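Visitor: input-v2.cif is reproduced in full below (mmCIF, C-alpha atoms and all ligand atoms).
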```
data_data
#
loop_
_atom_site.label_atom_id
_atom_site.label_comp_id
_atom_site.auth_asym_id
_atom_site.auth_seq_id
_atom_site.Cartn_x
_atom_site.Cartn_y
_atom_site.Cartn_z
CA MET A 29 92.83 -7.07 95.73
CA SER A 30 90.13 -5.89 93.32
CA VAL A 31 89.38 -2.79 95.31
CA LEU A 32 87.40 -0.33 93.25
CA ASP A 33 88.58 3.16 92.64
CA GLU A 34 87.05 5.59 95.08
CA ASN A 35 84.53 7.15 92.70
CA LYS A 36 83.11 3.82 91.59
CA LEU A 37 82.91 2.65 95.19
CA HIS A 38 81.16 5.87 96.20
CA GLU A 39 78.55 5.41 93.44
CA LYS A 40 77.87 1.86 94.61
CA LEU A 41 77.65 2.85 98.28
CA LYS A 42 75.14 5.63 97.53
CA LYS A 43 72.62 3.16 96.07
CA ILE A 44 72.51 0.73 99.00
CA LYS A 45 69.15 0.24 100.76
CA LEU A 46 69.70 -3.21 102.27
CA VAL A 47 72.82 -4.80 103.75
CA ILE A 48 72.80 -8.59 104.10
CA PHE A 49 75.22 -9.94 106.68
CA ASP A 50 76.64 -13.42 106.90
CA CYS A 51 76.81 -14.31 110.60
CA ASP A 52 79.86 -16.41 111.53
CA GLY A 53 83.06 -14.52 110.79
CA VAL A 54 81.22 -11.28 110.01
CA LEU A 55 78.85 -10.49 112.88
CA THR A 56 81.08 -12.75 115.02
CA ASP A 57 84.78 -13.55 114.91
CA GLY A 58 83.83 -17.01 113.63
CA ARG A 59 84.38 -18.87 116.88
CA ILE A 60 81.61 -20.96 118.39
CA ILE A 61 81.56 -21.80 122.08
CA TYR A 62 79.90 -25.05 123.22
CA ASN A 63 78.72 -25.56 126.78
CA ASP A 64 78.56 -28.96 128.51
CA GLU A 65 75.06 -29.52 127.13
CA GLY A 66 76.32 -28.96 123.59
CA GLN A 67 74.53 -25.65 123.22
CA GLU A 68 76.24 -23.07 121.05
CA THR A 69 77.16 -19.57 122.07
CA LYS A 70 78.53 -16.81 119.87
CA VAL A 71 80.10 -13.49 120.78
CA PHE A 72 78.85 -10.28 119.17
CA ASP A 73 80.35 -6.82 119.24
CA VAL A 74 78.30 -4.02 120.78
CA ARG A 75 79.77 -1.33 118.53
CA ASP A 76 79.03 -3.46 115.46
CA GLY A 77 75.44 -3.77 116.68
CA HIS A 78 75.21 -0.05 117.14
CA GLY A 79 76.38 0.38 113.55
CA ILE A 80 73.41 -1.71 112.39
CA LYS A 81 71.04 0.40 114.49
CA LEU A 82 72.54 3.61 113.10
CA MET A 83 72.06 2.31 109.55
CA ALA A 84 68.40 1.62 110.37
CA ARG A 85 68.09 5.21 111.56
CA GLY A 86 69.59 6.29 108.24
CA GLY A 87 66.97 4.28 106.33
CA ILE A 88 69.20 1.30 105.50
CA GLU A 89 67.80 -2.09 106.45
CA SER A 90 69.92 -5.06 107.56
CA ALA A 91 69.37 -8.78 107.06
CA ILE A 92 71.15 -11.92 108.31
CA LEU A 93 71.80 -14.83 105.96
CA THR A 94 73.64 -17.79 107.49
CA ALA A 95 74.25 -21.42 106.62
CA ARG A 96 74.20 -22.46 110.28
CA GLU A 97 71.30 -22.43 112.72
CA SER A 98 71.42 -21.04 116.23
CA LYS A 99 68.92 -19.49 118.63
CA THR A 100 71.67 -17.05 119.59
CA VAL A 101 71.29 -15.47 116.16
CA ASP A 102 67.53 -15.00 116.63
CA HIS A 103 68.16 -13.27 119.96
CA ARG A 104 70.80 -10.99 118.47
CA ALA A 105 68.58 -10.14 115.49
CA ALA A 106 65.65 -9.33 117.76
CA ASN A 107 67.90 -7.16 119.90
CA LEU A 108 69.00 -5.20 116.84
CA GLY A 109 65.51 -4.97 115.30
CA ILE A 110 66.50 -7.09 112.28
CA GLU A 111 63.37 -8.61 110.72
CA LEU A 112 64.98 -10.47 107.83
CA VAL A 113 66.75 -13.48 109.39
CA TYR A 114 67.50 -16.53 107.23
CA GLN A 115 69.27 -19.41 108.97
CA GLY A 116 70.21 -22.88 107.76
CA MET A 117 70.65 -21.53 104.21
CA LYS A 118 73.54 -23.63 102.90
CA ASP A 119 72.55 -22.40 99.44
CA LYS A 120 73.03 -18.71 99.98
CA LEU A 121 71.60 -17.78 96.58
CA ALA A 122 68.35 -19.41 97.67
CA GLY A 123 68.53 -17.19 100.73
CA LEU A 124 69.03 -14.12 98.56
CA ALA A 125 65.98 -15.15 96.53
CA GLU A 126 63.91 -15.40 99.75
CA ILE A 127 65.03 -11.95 100.80
CA LEU A 128 64.16 -10.52 97.37
CA LYS A 129 60.64 -11.93 97.74
CA LYS A 130 60.22 -9.94 100.95
CA ARG A 131 62.06 -6.83 99.71
CA PRO A 132 61.78 -6.52 95.92
CA LEU A 133 64.87 -4.35 95.50
CA LYS A 134 67.26 -4.03 92.59
CA LEU A 135 70.48 -6.00 93.08
CA GLU A 136 72.42 -2.73 92.88
CA GLU A 137 70.53 -1.58 96.00
CA ILE A 138 71.83 -4.56 97.99
CA ALA A 139 75.19 -5.04 99.70
CA TYR A 140 76.38 -8.37 101.05
CA VAL A 141 79.06 -8.91 103.68
CA GLY A 142 80.64 -12.38 103.71
CA ASP A 143 83.95 -13.91 104.72
CA ASP A 144 84.19 -17.39 103.18
CA ILE A 145 83.86 -19.12 99.80
CA ILE A 146 80.25 -20.13 100.57
CA ASP A 147 79.47 -16.40 100.29
CA LEU A 148 80.94 -15.95 96.80
CA PRO A 149 77.76 -16.70 94.78
CA VAL A 150 75.88 -13.89 96.56
CA LEU A 151 78.88 -11.55 96.64
CA LYS A 152 79.17 -11.90 92.86
CA ARG A 153 75.54 -10.96 92.25
CA VAL A 154 74.72 -8.08 94.55
CA GLY A 155 75.57 -4.48 93.76
CA LEU A 156 78.19 -4.13 96.46
CA ALA A 157 80.46 -6.94 97.68
CA LEU A 158 81.89 -6.23 101.13
CA THR A 159 84.13 -8.27 103.38
CA VAL A 160 86.16 -8.23 106.57
CA ALA A 161 89.93 -7.95 107.09
CA ASP A 162 90.32 -11.61 108.06
CA ALA A 163 88.17 -13.11 105.29
CA VAL A 164 89.63 -15.89 103.15
CA ASP A 165 91.82 -14.69 100.26
CA GLU A 166 89.31 -15.82 97.60
CA VAL A 167 86.72 -13.44 99.05
CA ARG A 168 89.06 -10.52 99.73
CA GLU A 169 90.32 -10.72 96.14
CA ARG A 170 86.79 -10.35 94.76
CA ALA A 171 85.31 -7.78 97.14
CA ASP A 172 84.57 -4.19 96.18
CA TYR A 173 85.80 -3.14 99.61
CA VAL A 174 87.65 -4.92 102.43
CA ALA A 175 87.15 -3.53 105.95
CA SER A 176 90.35 -2.82 107.84
CA LYS A 177 88.87 -4.52 110.94
CA PRO A 178 88.18 -8.24 111.38
CA GLY A 179 84.79 -9.94 111.63
CA GLY A 180 83.08 -9.66 115.00
CA ARG A 181 85.53 -6.97 116.05
CA GLY A 182 84.64 -3.74 114.31
CA ALA A 183 84.27 -4.61 110.62
CA VAL A 184 80.49 -4.23 110.64
CA ARG A 185 80.69 -0.86 112.38
CA GLU A 186 83.31 0.30 109.88
CA LEU A 187 81.18 -0.77 106.90
CA ALA A 188 78.04 0.78 108.37
CA GLU A 189 79.83 4.12 108.76
CA LEU A 190 81.23 3.84 105.23
CA ILE A 191 77.72 3.48 103.78
CA LEU A 192 76.20 6.20 105.97
CA LYS A 193 78.99 8.63 105.07
CA ALA A 194 78.61 7.91 101.34
CA GLN A 195 74.88 8.62 101.67
CA SER A 196 75.58 11.86 103.59
CA ARG A 197 73.73 10.56 106.67
CA TRP A 198 76.64 10.34 109.06
CA ASP A 199 76.91 14.02 110.04
CA ASP A 200 73.21 14.10 110.97
CA ILE A 201 73.60 11.00 113.10
CA LEU A 202 76.69 12.35 114.81
CA SER A 203 75.13 15.76 115.44
CA HIS A 204 72.36 14.00 117.40
CA TYR A 205 75.01 12.95 119.92
CA LEU A 206 76.86 16.27 119.92
CA ALA A 207 73.73 18.36 120.60
MG MG A 301 81.03 -16.73 107.51
#
```
Spit out the file's structure as C-alpha cells when you get a sec.
Ligand SMILES: [Mg+2]

Guide:
Amino acid sequence: MSVLDENKLHEKLKKIKLVIFDCDGVLTDGRIIYNDEGQETKVFDVRDGHGIKLMARGGIESAILTARESKTVDHRAANLGIELVYQGMKDKLAGLAEILKKRPLKLEEIAYVGDDIIDLPVLKRVGLALTVADAVDEVRERADYVASKPGGRGAVRELAELILKAQSRWDDILSHYLA
C-alpha cells in the first residue's frame, strides 16, 4: 500500500476544495437492485450523506462522476445539494475536464474517491487519491489514503471527517451540535 506518511497526507488534505466521488462502490456498496420493470435502485448511506453536507458547511464542495447513468443518482445528488453531477462518463478524464471547466481549480485542490480500475486515470492526476476499504487491489495500492470502511457503508463519512479535521473545521462543526 502506497500510503503516504502522515505529514505529506496532512499537507495534501489541507489544500482540498473539491471532492469528486465515483458513485457505485463509493457512494454505494456497488450493488444494483433491479425491479420487475428493469428499473435500477441503489442504496445510499445516511451518515455518508451527512458527511458530504458537513463538508459543504466547511466550504468543501462535492461532485459525482460516474460511468453509469441512473435517475437515482440525480435524486441523491439533489438531496445532498450536489450541483456537479456527471453521469455516463466512461472516460473519467473527460469528466474531470468537464468539472474543471465549471470549477477552474488547481489539481492539488481536488480529491477523487474511486474504487475500480476505471478510476485510476483520475486518481493519478488529482492532488489527493482516496479510496474505500473494499476497492480493488490496483486502486488501493495507488491511493494516498485508504478508508478503513467499505464503500456505501461509512467510507465517505470517514474521508469527509479526515478532510475536515485536517482543515481544522471539525471542532467547529461538532461544537454546533454540542451547544
Ligand atoms: Mg465504482

Visitor: In Å, with one decimal, what is the gap from atom CA of A:Ala207 to atom CA of A:Arg75?

Guide: 20.7 Å

Visitor: Give the answer as one residue: which of A:Lys177, A:Lys40, A:His78, A:Gly109 has the shortest atom-to-atom distance to A:Val154, using all atoms listed in the file?

Guide: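 Looking at the shortest contact to A:Val154, the residue is A:Lys40.
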
Visitor: Write out as a ChimeraX atom specification the residues lying within 9 Å of stretch 63-72 of chain A, counting only C-alpha atoms and excluding same-chain residues fewer than 6 positions away.

Guide: /A:52,55-57,98-101,104,180-181

Visitor: Rounded to one decimal in Å, what is the spacing between atom CA of A:Gln195 and atom CA of A:Leu41?

Guide: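 Pair atom CA of A:Gln195 / atom CA of A:Leu41 returns 7.2 Å.
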
Visitor: Give as a PyMOL selection string the residues surrounding ligand MG 301 (chain A) up to a distance of 10 Å, considering all atoms listed in the file.

Guide: chain A and resi 49-58+93-96+141-147+159-160+163-164+179

Visitor: When you draw a straight line from atom CA of A:Leu121 to atom CA of A:Leu82, how long is it in Å?

Guide: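 Atom-to-atom, atom CA of A:Leu121 to atom CA of A:Leu82, that is 27.0 Å.
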
Visitor: May I ask which of the residues A:Arg85, A:Lys134, A:Arg153, A:Lys36 is the closest one to A:Asp200, counting all atoms listed in the file?

Guide: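 Counting all atoms listed in the file, the residue closest to A:Asp200 is A:Arg85.
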
Visitor: When you count only C-alpha atoms, which of these residues is closest to A:Leu124: A:Gly77, A:Pro149, A:Gly86, A:Gly182?

Guide: A:Pro149

Visitor: Within 9 Å of A:Lys43, counting all atoms listed in the file, which residues qualify if same-chain residues fewer than 5 places away don't, as a VMD selection string?

Guide: chain A and resid 38 136 to 138 155 195

Visitor: Between A:Val47, A:Ala175, A:Leu32, A:Ile61, which is the closest to A:Leu135 once you count all atoms listed in the file?

Guide: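 Closest to A:Leu135, using all atoms listed in the file: A:Val47.
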
Visitor: Nearest to A:Val174: which of A:Ile127, A:Leu156, A:Asn107, A:Ile201 is it, counting only C-alpha atoms?

Guide: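 Checking each of A:Ile127, A:Leu156, A:Asn107, A:Ile201 against A:Val174, counting only C-alpha atoms, the winner is A:Leu156.
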
Visitor: Between A:Gly87, A:Lys42, A:Ala106, A:Asn35, which one has atoms that come closest to A:Lys193, using all atoms listed in the file?

Guide: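 Among the listed residues, the smallest separation from A:Lys193 belongs to A:Lys42.
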